[in-house]
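This report refers to the structure that appears directly beneath it.
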Amino acid sequence: MPARYYLHGDEAEGQSSTYFCAICDSFEAESHFSDDAHIRKAKARLDATKRGLKKLRAASPRKYARPSSARSIFKLKPKLLKPTTSRFHRWLLRQADRDDLIGDLATDVASDPLFPRNTESRAKLREHLRRRAADSLALVALDEALREFRASRSSRDAIPPKLRFEILRRDGYRCQLCGLSASDRASVRLEIDHKVAVVKGGTNDPENLWVLCRKCNGGKGAGDL
C-alpha cells in the first residue's frame with residue numbers, strides 16, 4: 001500500500017481538524033496556521049510540498065500517494081495563503097526616510113521578514129523585538145511610532161463634519177497645492193489636512209486646515225507646509 005504523502009495544510013487521516021504543518025514537520029490544530037510568520041511562508045511551503053510529491057511520483061509511481069479527496073486547511077480558509085498587512089505596518093514603512101528613532105525602526109522593519117505585519121498590538125510587536133534582541137531604543141521607537149500613528153489617525157476622524165465642509169467651501173473645493181478639483185479628474189479625491197501635524201502641536205483651528213488631494217497629501221506625508 002502506498003505511503004500517505006501530506007502537502008502542507010493537509011488534514012491528518014482519521015484526525016479531524018488536525019493539519020500537517022510542513023514548516024514545523026508536525027500535525028497541528030487550525031489555530032497554528034493563523035500565526036503571521038506561517039501565513040507568509042504558507043504558499044511557498046505548499047508549493048514546495050507539491051513539487052516534492054511530483055518528484056517522488058516520477059521516481060516511484062506506486063510508493064507515495066495523496067488521496068484526491070484530501071482536505072486542506074487552505075481550501076477551508078483561503079485567506080491563510082494571503083498575507084495581510086495592518087494600517088500601522090503600512091504607515092511605519094512610509095517613515096523610513098525620517099532622521100529619527102522612528103525612521104531607524106522603519107528601516108529595520110523593512111528588512112525584517114518576520115516582523116508581525118498584520119497586528120497593531122503593542123504587546124505582540126514588543127515581544128517580537130525582544131526575540132530579535134532589539135535594544136531599548138528600538139522599544140522606545142516602537143512606542144513612539146504607535147503613539148504617533150494612533151494620534152494622527154484619531155485626529156483626522158476628530159474633525160467635525162461641519163468644519164470639514166466649511167474648509168472645503170473656503171478653499172473652493174480644490175487642492176491647495178496642485179489646484180485640481182474633483183470636477184477636473186474623476187480620480188481626484190480631496191482630503192482635509194493639517195498644515196502643522198497634530199503630533200507636532202497642530203490643532204483643528206481653521207487656519208491650520210486646508211484642502212489637499214490624496215496624491216499631494218500622500219507626497220507631503222507628516223511634514224509641515
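The chains in the C-alpha cells are called A, B, ... from first to last as shown; in each chain the residues are counted from 1, and the ligands are counted from 1 in the order shown.
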Spatial neighbours of Ile39 of chain A, max dist 8 Å, only C-alpha atoms, sep filter under 2 positions, as a ChimeraX atom specification: /A:33-37,41-43,80-83
Can I get the residues of segment 33-54 of chain A within 12 Å of segment 59-66 of chain A, each with the closest pair of atoms and their distance in Å to one decimal, using only C-alpha atoms, sorted chain first then ascending number, as a tab-separated table?
```
residue	atom	partner	partner_atom	distance
A:Thr49	CA	A:Arg66	CA	11.4
A:Lys50	CA	A:Arg66	CA	10.4
A:Gly52	CA	A:Tyr64	CA	10.7
A:Leu53	CA	A:Tyr64	CA	7.8
A:Lys54	CA	A:Ala59	CA	8.8
```
Nearest residue to Ala182 of chain A from the set A:Phe165, A:Pro160, A:Leu105, A:Leu212 (distances using only C-alpha atoms):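 Going through A:Phe165, A:Pro160, A:Leu105, A:Leu212 one by one, the smallest distance to Ala182 of chain A is for A:Leu212.
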Minimum-distance residue to Leu177 of chain A, chosen among A:Cys216, A:Val109, A:Val198, A:Leu139 (using only C-alpha atoms):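 So, comparing all the options, the nearest one is A:Cys216.
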Residue contacts of segment 96-101 of chain A (9 Å, only C-alpha atoms) excluding same-chain residues fewer than 4 positions away, as an MDAnalysis selection string: chainID A and resid 92 105:108 110 137:138 140:142 144:145
The selected residues should be written to file as a PDB file, in the first residue's frame (atoms: N, CA and C atoms).
```pdb
ATOM      1  N   LEU A  92       4.179  52.689   9.070  1.00  0.00           N
ATOM      2  CA  LEU A  92       5.548  52.656   9.569  1.00  0.00           C
ATOM      3  C   LEU A  92       6.555  52.588   8.429  1.00  0.00           C
ATOM      4  N   LEU A 105      13.676  52.632  13.065  1.00  0.00           N
ATOM      5  CA  LEU A 105      12.843  51.446  13.257  1.00  0.00           C
ATOM      6  C   LEU A 105      12.213  51.018  11.940  1.00  0.00           C
ATOM      7  N   ALA A 106      11.702  51.980  11.188  1.00  0.00           N
ATOM      8  CA  ALA A 106      11.063  51.669   9.905  1.00  0.00           C
ATOM      9  C   ALA A 106      12.043  50.986   8.955  1.00  0.00           C
ATOM     10  N   THR A 107      13.276  51.444   8.939  1.00  0.00           N
ATOM     11  CA  THR A 107      14.292  50.830   8.080  1.00  0.00           C
ATOM     12  C   THR A 107      14.556  49.392   8.497  1.00  0.00           C
ATOM     13  N   ASP A 108      14.655  49.158   9.817  1.00  0.00           N
ATOM     14  CA  ASP A 108      14.882  47.801  10.311  1.00  0.00           C
ATOM     15  C   ASP A 108      13.697  46.889   9.999  1.00  0.00           C
ATOM     16  N   ALA A 110      11.587  47.129   7.554  1.00  0.00           N
ATOM     17  CA  ALA A 110      11.522  46.848   6.116  1.00  0.00           C
ATOM     18  C   ALA A 110      12.422  45.679   5.728  1.00  0.00           C
ATOM     19  N   LEU A 137      16.338  51.348  22.685  1.00  0.00           N
ATOM     20  CA  LEU A 137      15.934  52.430  21.800  1.00  0.00           C
ATOM     21  C   LEU A 137      14.900  51.961  20.772  1.00  0.00           C
ATOM     22  N   ALA A 138      15.030  50.700  20.347  1.00  0.00           N
ATOM     23  CA  ALA A 138      14.052  50.162  19.395  1.00  0.00           C
ATOM     24  C   ALA A 138      12.677  50.060  20.037  1.00  0.00           C
ATOM     25  N   VAL A 140      11.612  51.969  22.541  1.00  0.00           N
ATOM     26  CA  VAL A 140      11.137  53.352  22.664  1.00  0.00           C
ATOM     27  C   VAL A 140      10.585  53.825  21.320  1.00  0.00           C
ATOM     28  N   ALA A 141      11.309  53.502  20.245  1.00  0.00           N
ATOM     29  CA  ALA A 141      10.878  53.904  18.904  1.00  0.00           C
ATOM     30  C   ALA A 141       9.524  53.295  18.567  1.00  0.00           C
ATOM     31  N   LEU A 142       9.324  52.028  18.943  1.00  0.00           N
ATOM     32  CA  LEU A 142       8.044  51.376  18.673  1.00  0.00           C
ATOM     33  C   LEU A 142       6.914  52.072  19.420  1.00  0.00           C
ATOM     34  N   GLU A 144       6.794  55.140  20.477  1.00  0.00           N
ATOM     35  CA  GLU A 144       6.572  56.461  19.906  1.00  0.00           C
ATOM     36  C   GLU A 144       5.863  56.364  18.554  1.00  0.00           C
ATOM     37  N   ALA A 145       6.218  55.344  17.786  1.00  0.00           N
ATOM     38  CA  ALA A 145       5.586  55.153  16.481  1.00  0.00           C
ATOM     39  C   ALA A 145       4.101  54.838  16.641  1.00  0.00           C
TER      40      ALA A 145
END
```
d(atom CA of Ser17 of chain A, atom CA of His32 of chain A) in Å: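 Separation between atom CA of Ser17 of chain A and atom CA of His32 of chain A: 11.2 Å.
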Spatial neighbours of Leu46 of chain A, 9 Å, only C-alpha atoms, chain gap at least 6 places, as a list in words: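 Listed by chain and then number, they are Leu7, His8, Gly9 and Ala22 of chain A.
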If you keep N, CA and C atoms, can you produce a file of those selected residues as an mmCIF file, in the first residue's frame?
```cif
data_model
loop_
_atom_site.group_PDB
_atom_site.id
_atom_site.type_symbol
_atom_site.label_atom_id
_atom_site.label_comp_id
_atom_site.auth_asym_id
_atom_site.auth_seq_id
_atom_site.Cartn_x
_atom_site.Cartn_y
_atom_site.Cartn_z
ATOM 1 N N LEU A 7 0.650 17.156 1.847
ATOM 2 C CA LEU A 7 1.000 18.520 1.470
ATOM 3 C C LEU A 7 0.882 19.405 2.699
ATOM 4 N N HIS A 8 1.572 20.520 2.679
ATOM 5 C CA HIS A 8 1.441 21.484 3.771
ATOM 6 C C HIS A 8 -0.021 21.904 3.892
ATOM 7 N N GLY A 9 -0.615 21.692 5.085
ATOM 8 C CA GLY A 9 -2.009 22.052 5.317
ATOM 9 C C GLY A 9 -2.989 20.915 5.179
ATOM 10 N N ALA A 22 4.160 21.627 7.283
ATOM 11 C CA ALA A 22 5.464 21.272 6.722
ATOM 12 C C ALA A 22 6.555 22.199 7.234
#
```
Picked from segment 58-203 of chain A by DSSP as helix (DSSP H, G or I), as a ChimeraX atom specification: /A:58-59,73-76,78-81,87-93,101-110,122-131,136-158,161-170,198-200
Proximity to Arg169 of chain A - best of A:Val211, A:Ala3, A:Ala133, A:Cys24, only C-alpha atoms: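 Once distances to Arg169 of chain A are computed over only C-alpha atoms, the minimum belongs to A:Val211.
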